[in-house]
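Data block for work.txt (compact mmCIF, C-alpha atoms):
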# COMPACT_ATOMS: atom_id res chain seq x y z
CA ILE B 279 -11.13 25.54 4.64
CA ILE B 280 -7.69 26.94 5.48
CA VAL B 281 -4.71 26.68 3.10
CA LYS B 282 -1.23 26.94 4.65
CA LYS B 283 1.65 26.43 2.20
CA ASP B 284 1.59 22.65 1.57
CA THR B 285 -1.32 21.94 3.96
CA VAL B 286 -5.08 22.15 3.37
CA GLU B 287 -7.14 22.11 6.58
CA TYR B 288 -10.86 21.28 6.71
CA GLN B 289 -13.12 21.97 9.69
CA ALA B 290 -15.15 18.74 9.98
CA SER B 291 -18.18 20.45 11.57
CA SER B 292 -18.66 22.45 8.35
CA PHE B 293 -19.63 19.28 6.49
CA LYS B 294 -22.85 17.54 7.45
CA THR B 295 -22.56 13.92 8.58
CA THR B 296 -24.77 11.56 10.58
CA ASP B 297 -23.96 9.69 13.77
CA ASN B 298 -23.52 6.49 11.74
CA ASP B 299 -21.09 7.93 9.17
CA MET B 300 -17.48 6.82 9.07
CA LEU B 301 -14.43 8.86 8.13
CA GLU B 302 -14.86 7.66 4.53
CA ASP B 303 -18.26 9.39 4.34
CA LEU B 304 -16.77 12.63 5.66
CA LEU B 305 -13.88 12.56 3.18
CA LYS B 306 -16.30 12.19 0.25
CA LYS B 307 -17.80 15.57 1.17
CA LEU B 308 -14.49 17.45 1.26
CA PRO B 309 -13.63 19.55 -1.84
CA GLY B 310 -10.68 18.09 -3.73
CA VAL B 311 -10.86 14.74 -1.90
CA GLU B 312 -12.18 11.63 -3.65
CA VAL B 313 -12.82 8.07 -2.49
CA SER B 314 -12.91 5.48 -5.28
CA SER B 315 -15.08 2.38 -5.36
CA ASP B 316 -12.18 0.26 -4.10
CA GLY B 317 -11.62 2.58 -1.11
CA THR B 318 -8.54 4.40 -2.42
CA VAL B 319 -8.42 8.01 -1.20
CA THR B 320 -6.96 10.78 -3.36
CA ALA B 321 -6.54 14.47 -2.64
CA ASN B 322 -6.10 16.82 -5.59
CA GLY B 323 -5.24 13.81 -7.72
CA LYS B 324 -2.57 12.44 -5.35
CA THR B 325 -3.07 9.11 -3.60
CA ILE B 326 -3.16 9.24 0.20
CA SER B 327 -0.44 6.89 1.48
CA LYS B 328 -1.33 6.97 5.15
CA ILE B 329 -3.71 8.47 7.70
CA THR B 330 -2.43 9.77 11.01
CA ILE B 331 -4.14 10.93 14.19
CA ASP B 332 -2.42 13.95 15.72
CA GLY B 333 0.71 13.01 13.78
CA LYS B 334 0.71 9.34 14.82
CA THR B 335 0.15 6.62 12.23
CA PHE B 336 -3.11 4.75 12.70
CA PHE B 337 -2.81 0.96 12.72
CA LEU B 338 -0.37 -0.54 10.20
CA ASN B 339 -0.18 2.33 7.69
CA ASP B 340 -3.50 1.17 6.20
CA PRO B 341 -5.63 4.16 5.09
CA GLN B 342 -8.70 2.02 4.44
CA LEU B 343 -8.65 0.62 7.95
CA ALA B 344 -8.93 4.19 9.20
CA THR B 345 -11.50 5.43 6.67
CA LYS B 346 -13.86 2.50 7.17
CA ASN B 347 -13.67 2.25 10.97
CA ILE B 348 -13.08 5.68 12.52
CA PRO B 349 -16.41 7.40 13.26
CA ALA B 350 -16.74 10.75 11.52
CA LYS B 351 -18.34 12.29 14.61
CA ILE B 352 -15.08 12.21 16.61
CA VAL B 353 -13.09 14.15 13.97
CA GLU B 354 -12.57 17.86 14.57
CA LYS B 355 -10.19 18.73 11.72
CA VAL B 356 -8.88 17.01 8.59
CA LYS B 357 -5.50 18.13 7.27
CA VAL B 358 -4.16 17.10 3.86
CA LEU B 359 -0.44 17.71 3.72
CA GLU B 360 2.72 16.92 1.79
CA LYS B 361 5.58 15.45 3.80
CA LYS B 362 8.99 13.97 3.18
CA SER B 363 9.29 10.22 2.76
CA ASP B 364 9.93 8.05 5.82
CA GLU B 365 13.44 7.36 4.53
CA ALA B 366 14.23 11.07 4.28
CA GLU B 367 12.90 11.77 7.78
CA PHE B 368 14.86 8.82 9.18
CA THR B 369 18.18 9.64 7.50
CA GLY B 370 17.86 13.42 7.47
CA ILE B 371 18.72 13.38 3.75
CA ASN B 372 16.12 14.81 1.38
CA ASP B 373 15.70 12.18 -1.36
CA GLY B 374 13.20 14.29 -3.31
CA ASN B 375 10.34 11.88 -2.63
CA GLU B 376 7.22 13.20 -0.94
CA GLU B 377 3.98 11.55 0.11
CA THR B 378 0.50 12.92 0.64
CA VAL B 379 -1.02 12.08 4.01
CA ILE B 380 -4.16 12.93 5.96
CA ASP B 381 -3.76 14.00 9.58
CA LEU B 382 -6.84 13.97 11.82
CA SER B 383 -7.46 16.07 14.90
CA VAL B 384 -9.79 14.35 17.34
CA MET B 385 -12.41 16.31 19.28
CA LYS B 386 -11.57 17.31 22.83
CA GLY B 387 -12.60 14.71 25.37
CA MET B 388 -12.21 11.84 22.91
CA MET B 389 -8.56 11.51 23.97
CA ASN B 390 -9.52 10.95 27.62
CA GLY B 391 -11.40 7.67 27.38
CA TRP B 392 -12.59 4.79 25.23
CA PHE B 393 -14.81 5.23 22.22
CA GLY B 394 -16.27 2.78 19.74
CA ASP B 395 -18.79 2.02 17.08
CA VAL B 396 -20.71 -1.17 16.28
CA ALA B 397 -22.88 -1.86 13.22
CA ALA B 398 -24.70 -4.93 11.93
CA GLY B 399 -27.16 -5.77 9.19
CA GLY B 400 -28.65 -8.57 7.13
CA GLY B 401 -30.85 -9.29 4.15
CA TYR B 402 -31.20 -11.11 0.84
CA ASP B 403 -29.99 -10.48 -2.70
CA LEU B 404 -32.39 -9.62 -5.48
CA ARG B 405 -31.98 -11.69 -8.63
CA ASN B 406 -33.75 -12.18 -11.96
CA ALA B 407 -36.05 -15.13 -12.57
CA VAL B 408 -34.19 -17.90 -14.36
CA SER B 409 -36.17 -21.13 -13.91
CA ASP B 410 -39.22 -22.41 -15.83
CA GLU B 411 -41.34 -21.97 -12.71
CA GLU B 412 -40.39 -18.31 -12.65
CA SER B 413 -41.03 -17.73 -16.36
CA ALA B 414 -44.32 -16.03 -15.60
CA ILE B 415 -42.47 -13.28 -13.78
CA ALA B 416 -39.43 -13.13 -16.06
CA ASN B 417 -37.51 -9.89 -16.06
CA GLN B 418 -38.77 -9.21 -12.56
CA SER B 419 -36.64 -9.35 -9.44
CA THR B 420 -37.07 -12.15 -6.93
CA ILE B 421 -35.45 -12.75 -3.58
CA SER B 422 -32.41 -15.01 -3.43
CA ASN B 423 -32.46 -17.83 -0.89
CA LYS B 424 -28.92 -16.96 0.24
CA PRO B 425 -28.88 -14.55 3.17
CA ARG B 426 -26.29 -11.79 3.42
CA PHE B 427 -24.87 -10.41 6.65
CA GLN B 428 -22.41 -7.78 7.71
CA ALA B 429 -21.13 -6.85 11.15
CA SER B 430 -18.28 -4.59 12.17
CA GLY B 431 -17.01 -2.79 15.21
CA ILE B 432 -14.16 -0.74 16.60
CA VAL B 433 -13.17 0.03 20.17
CA ALA B 434 -10.28 2.43 20.62
CA ARG B 435 -8.46 4.66 23.04
CA PHE B 436 -6.09 7.43 21.95
CA THR B 437 -3.89 9.30 24.39
CA GLU B 438 -0.86 11.54 24.01
CA ASP B 439 1.41 8.52 24.49
CA THR B 440 -0.47 5.47 23.19
CA GLN B 441 -2.98 4.29 20.61
CA LEU B 442 -4.97 1.15 21.38
CA SER B 443 -7.49 -0.18 18.85
CA PHE B 444 -9.59 -3.32 18.54
CA VAL B 445 -11.18 -3.74 15.10
CA GLY B 446 -13.48 -6.53 13.93
CA ASN B 447 -15.26 -7.17 10.64
CA ALA B 448 -17.30 -10.21 9.55
CA ASN B 449 -19.46 -10.40 6.43
CA ASN B 450 -20.21 -12.31 3.24
CA THR B 451 -20.67 -9.22 1.06
CA ASN B 452 -17.06 -8.78 -0.15
CA ASN B 453 -16.61 -5.77 2.15
CA ARG B 454 -13.24 -6.24 3.80
CA GLY B 455 -13.24 -3.03 5.83
CA PHE B 456 -9.47 -2.77 5.41
CA ALA B 457 -6.85 -3.18 2.71
CA ASP B 458 -4.12 -5.78 2.80
CA MET B 459 -3.40 -5.90 6.52
CA ALA B 460 -1.93 -9.40 6.32
CA GLY B 461 0.34 -8.32 3.48
CA SER B 462 1.61 -5.33 5.44
CA MET B 463 2.59 -7.54 8.35
CA MET B 464 3.95 -10.45 6.35
CA SER B 465 5.88 -8.68 3.62
CA GLY B 466 8.78 -7.76 5.86
CA MET B 467 9.15 -11.22 7.38
CA ARG B 468 11.95 -13.45 6.28
CA GLY B 469 10.99 -16.44 4.24
CA GLY B 470 8.39 -14.58 2.18
CA ARG B 471 8.28 -15.04 -1.58
CA GLY B 472 9.04 -12.38 -4.13
CA MET B 473 7.10 -11.96 -7.31
CA GLY B 474 9.20 -11.76 -10.42
CA GLY B 475 9.67 -12.46 -14.06
CA MET B 476 6.91 -10.42 -15.68
CA GLY B 477 7.86 -11.51 -19.15
CA GLY B 478 11.28 -12.41 -17.77
CA GLY B 479 12.41 -8.82 -17.42
CA MET B 480 10.94 -7.40 -14.24
CA GLY B 481 10.97 -8.29 -10.58
CA GLY B 482 8.51 -7.05 -8.05
CA GLY B 483 7.74 -7.16 -4.37
CA GLY B 484 5.28 -9.73 -3.19
CA GLY B 485 6.17 -10.91 0.25
CA GLY B 486 2.94 -12.65 1.24
CA GLY B 487 -0.59 -11.51 2.05
CA PHE B 488 -3.81 -11.42 0.07
CA PHE B 489 -5.92 -9.20 -2.12
CA ASN B 490 -9.58 -9.36 -2.99
CA VAL B 491 -11.47 -8.66 -6.21
CA ALA B 492 -15.24 -8.95 -6.25
CA PRO B 493 -16.82 -11.31 -8.83
CA GLU B 494 -17.10 -9.83 -12.34
CA ARG B 495 -15.07 -6.79 -11.28
CA VAL B 496 -11.63 -5.59 -12.34
CA GLY B 497 -9.11 -4.65 -9.66
CA GLN B 498 -6.11 -2.35 -9.99
CA PHE B 499 -3.15 -2.90 -7.68
CA LYS B 500 0.03 -0.89 -7.36
CA VAL B 501 3.02 -3.23 -7.22
CA PRO B 502 6.56 -1.86 -6.86
CA THR B 503 8.81 -3.40 -9.52
CA VAL B 504 12.41 -3.29 -10.75
CA CYS B 505 13.94 -4.37 -14.05
CA LEU B 506 16.12 -7.47 -13.71
CA GLU B 507 17.54 -7.44 -17.26
CA HIS B 508 19.57 -4.33 -18.04
CA GLY B 509 19.11 -3.17 -21.62
CA LYS B 510 15.46 -4.19 -21.90
CA ARG B 511 13.05 -1.51 -23.11
CA ASP B 512 10.85 0.18 -20.53
CA PRO B 513 7.58 -1.72 -19.86
CA ARG B 514 4.45 -0.63 -21.70
CA PRO B 515 0.77 -1.58 -21.25
CA ALA B 516 0.69 -3.01 -24.80
CA ILE B 517 3.28 -5.67 -23.93
CA PRO B 518 1.81 -8.94 -22.60
CA TYR B 519 3.40 -10.07 -19.36
CA VAL B 520 3.39 -13.37 -17.52
CA ILE B 521 3.69 -13.34 -13.73
CA ARG B 522 5.76 -16.19 -12.34
CA PRO B 523 7.74 -16.87 -9.14
CA ILE B 524 11.07 -15.11 -9.05
CA GLU B 525 12.76 -18.43 -8.32
CA ASP B 526 11.91 -19.46 -11.89
CA PHE B 527 13.81 -16.47 -13.25
CA THR B 528 16.94 -16.21 -11.11
CA ASP B 529 18.65 -18.41 -8.54
CA ARG B 530 20.48 -15.54 -6.84
CA PRO B 531 19.34 -15.37 -3.20
CA ALA B 532 20.31 -11.70 -2.84
CA VAL B 533 17.93 -10.76 -5.68
CA HIS B 534 15.16 -12.71 -3.93
CA SER B 535 15.85 -10.81 -0.71
CA LEU B 536 15.84 -7.46 -2.51
CA CYS B 537 12.41 -8.15 -4.04
CA GLN B 538 11.09 -9.23 -0.65
CA MET B 539 12.25 -5.94 0.86
CA LEU B 540 10.80 -4.03 -2.10
CA GLY B 541 7.44 -5.67 -1.47
CA SER B 542 7.35 -4.25 2.06
CA GLY B 543 6.85 -0.80 0.53
CA GLN B 544 9.66 0.69 2.60
CA LEU B 545 12.32 0.98 -0.14
CA ASP B 546 12.89 3.76 -2.61
CA GLN B 547 12.16 2.22 -6.02
CA ARG B 548 14.99 4.06 -7.79
CA ALA B 549 17.59 2.95 -5.26
CA ALA B 550 16.18 -0.59 -5.46
CA GLN B 551 16.68 -0.48 -9.24
CA VAL B 552 20.36 0.34 -8.75
CA ALA B 553 20.69 -2.61 -6.36
CA ALA B 554 18.81 -4.94 -8.74
CA TRP B 555 21.19 -4.30 -11.65
CA MET B 556 24.19 -4.65 -9.35
CA LEU B 557 23.02 -7.99 -7.95
CA GLN B 558 21.44 -9.56 -11.04
CA CYS B 559 23.44 -8.05 -13.92
CA ASP B 560 26.83 -7.79 -12.15
CA MET B 561 27.08 -4.06 -12.86
CA ASN B 562 29.16 -1.83 -10.59
CA TRP B 563 28.13 1.55 -9.26
CA GLN B 564 30.50 3.38 -11.62
CA GLU B 565 28.71 1.91 -14.66
CA LEU B 566 25.33 2.88 -13.26
CA ALA B 567 26.52 6.38 -12.34
CA ALA B 568 27.69 6.85 -15.95
CA LYS B 569 24.35 5.69 -17.40
CA ARG B 570 22.46 8.58 -19.02
CA LEU B 571 18.90 9.19 -20.13
CA ARG B 572 18.90 10.72 -23.63
CA PHE B 573 16.11 12.82 -25.09
CA ALA B 574 14.94 13.40 -28.67
CA ASN B 575 16.22 17.00 -28.66
CA GLY B 576 19.78 15.75 -28.17
CA THR B 577 20.07 16.59 -24.47
CA SER B 578 20.69 14.05 -21.72
CA ARG B 579 20.86 13.74 -17.96
CA PRO B 580 22.15 11.13 -15.49
CA TYR B 581 19.83 8.14 -15.23
CA PHE B 582 20.40 7.96 -11.46
CA SER B 583 21.13 10.70 -8.99
CA PRO B 584 24.15 10.39 -6.64
CA LEU B 585 21.73 9.82 -3.76
CA GLU B 586 20.04 6.95 -5.64
CA ILE B 587 23.42 5.38 -6.42
CA ARG B 588 24.49 5.64 -2.78
CA GLY B 589 21.18 4.19 -1.58
CA GLY B 590 21.36 1.36 -4.13
CA VAL B 591 24.83 0.31 -2.97
CA GLN B 592 23.55 0.18 0.60
CA LEU B 593 20.48 -1.83 -0.41
CA ALA B 594 22.60 -4.33 -2.34
CA THR B 595 24.76 -4.87 0.74
CA MET B 596 21.67 -5.31 2.92
CA ALA B 597 20.15 -7.83 0.47
CA VAL B 598 23.34 -9.92 0.41
CA LYS B 599 23.49 -10.00 4.22
CA GLN B 600 19.81 -10.90 4.53
CA ALA B 601 20.19 -13.70 1.98
CA GLU B 602 23.15 -15.08 3.93
CA GLN B 603 21.13 -15.00 7.15
CA GLN B 604 18.23 -16.81 5.50
CA GLN B 605 20.54 -19.50 4.19
CA ASP B 606 22.13 -19.92 7.63
CA THR B 607 18.70 -20.45 9.22
CA SER B 608 17.18 -22.60 6.46
CA PRO B 609 16.29 -26.29 7.18
CA GLY B 610 18.89 -27.40 4.63
CA ALA B 611 21.64 -25.55 6.45
CA GLU B 612 20.62 -27.13 9.77
CA GLN B 613 20.64 -30.62 8.25
CA ALA B 614 24.08 -29.99 6.75
CA ALA B 615 25.36 -28.83 10.13
CA GLN B 616 23.98 -31.95 11.82
CA ALA B 617 25.57 -34.17 9.17
CA ASN B 618 28.97 -32.54 9.76

Please lay out the structure from this file as C-alpha cells.
Amino acid sequence: IIVKKDTVEYQASSFKTTDNDMLEDLLKKLPGVEVSSDGTVTANGKTISKITIDGKTFFLNDPQLATKNIPAKIVEKVKVLEKKSDEAEFTGINDGNEETVIDLSVMKGMMNGWFGDVAAGGGYDLRNAVSDEESAIANQSTISNKPRFQASGIVARFTEDTQLSFVGNANNTNNRGFADMAGSMMSGMRGGRGMGGMGGGMGGGGGGGFFNVAPERVGQFKVPTVCLEHGKRDPRPAIPYVIRPIEDFTDRPAVHSLCQMLGSGQLDQRAAQVAAWMLQCDMNWQELAAKRLRFANGTSRPYFSPLEIRGGVQLATMAVKQAEQQQDTSPGAEQAAQAN
C-alpha cells in the first residue's frame, strides 16, 4: 500500500483472489474499502462515485457495473483518490466539491487484445415445510419446485484511445449486476418526469429509469432534492413525506426542467437550490445573496457562496430555455401550429 497525498494505491497482487473473482471481491479485501450488501463501495467512509480505468470512466459512470463485471485477475493496481467535481474540471473554477473515485491500472498485455469472462449456474431454493403432507418433516428444509438460474458475461477491449465493452446478465435471483443503467441514460433526455412534492415542500430529480429492492428487504437510495417553498424548515427524518409527481405541486415548466436536470446527477445541488427558489418562489439573486445562516452562538455566515449564486443564475436560465424548447416540440404545440 502506497499513500501519496490524496491518493491511496494498492498493489492487487498482494491480495489473494481466484480466477473467478470479480473486482468486487478484490475490493472487499482492501484495507479501508467496504462493499455493502447493495453493492455500494465506500473508501474510508466516503462513497465511490465512479470507477475509471487508466483515468477513463468505465461504462456510464456506474461503479457497480465495473465491480460486478471486471475480472479481478486483470487488475494490476487500485488507486483511491480525491478529485475535483466534473463541473470544476470543466469550468476551471474550483467549486469546493470533491468526489472519491477508484482508478484501475490494467495488467500489461490486457490492453493489446480482447478479454472476457463468462459464468453460469442453476439450482433450487430451500424452503420450510408448510403443507399437511410435509408435517412429518416440519422445521426441516425441502427443495422448492422453482428453479433458479444466473448467467453473466463480459467481453471487452481497452486501448489507449478506446474502450469497447459488451456486458450481459440474465437471472431470476434479483442480482442485477449493475445499478440503474437505464436511469443514467434516460435522466438527461427531454420529456422525462421529475419527482417532486415530498410533503409539498421539496422537489427532486427523477428523470426516468428503475430501481430494484429484493422482497422483504429495505433499500436506501440517494436522491438529489431541492426545497421548492422558501421559508420551510429543513427536512428531518421524523417528518412524514408523501412522494407525488411534481406536476401536482407546480405548473411552472422551468421548475420541471430544473428537477429533470437535477435528476441526471450532473448539477451542483447548492446551485440548483438557488435556481429553484428563483424559478418557483420568484426570488432574485440579490435576495438569495443576502440570505444568512445564523447559529446559536450569535454568529452567522452567507447561506450561499458567490459561486453558488452565479451557478444558480446560470441554471435558472438554462431551465427556462429547456422548458421553452420542450413546449415548442410538444404535440400540443404542433397541433396549434397546424391549426394556425

Once you count only C-alpha atoms, which residues end up no further than 8 Å from (19.6, 4.6, -3.0) in the file's frame, shown as a list in words?
->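 Those residues, ordered by chain and then number, are Asp546, Arg548, Ala549, Ala550, Val552, Leu585, Glu586, Ile587, Arg588, Gly589, Gly590, Val591, Gln592 and Leu593 of chain B.
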
Two-atom distance - atom CA of Thr451 of chain B, atom CA of Asp340 of chain B (Å) =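 Result for atom CA of Thr451 of chain B versus atom CA of Asp340 of chain B: 20.7 Å, one decimal.
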
Can you pull out every residue within 9 Å of Glu287 of chain B, counting all atoms listed in the file, but drop anything in the same chain fewer than 5 positions away, and send it as number ranges by chain?
-> B: 279-282, 355-359

Using all atoms listed in the file, which residues sit within 10 Å of Glu312 of chain B once same-chain residues fewer than 3 positions away are excluded, as a VMD selection string?
-> chain B and resid 302 305 to 309 315 317 to 325

Quick one: pull the distance between atom CA of Leu301 of chain B and atom CA of Val501 of chain B, Å, one decimal.
->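 We find that atom CA of Leu301 of chain B and atom CA of Val501 of chain B lie 26.2 Å from each other.
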
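Using only C-alpha atoms, the smallest distance between any of B:Lys294, B:Arg579, B:His508, B:Lys328 and Asp560 of chain B comes from B:His508.
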
B:Lys510, B:Tyr519, B:Met539, B:Glu602: which is nearest Cys559 of chain B, counting all atoms listed in the file?
-> B:Lys510
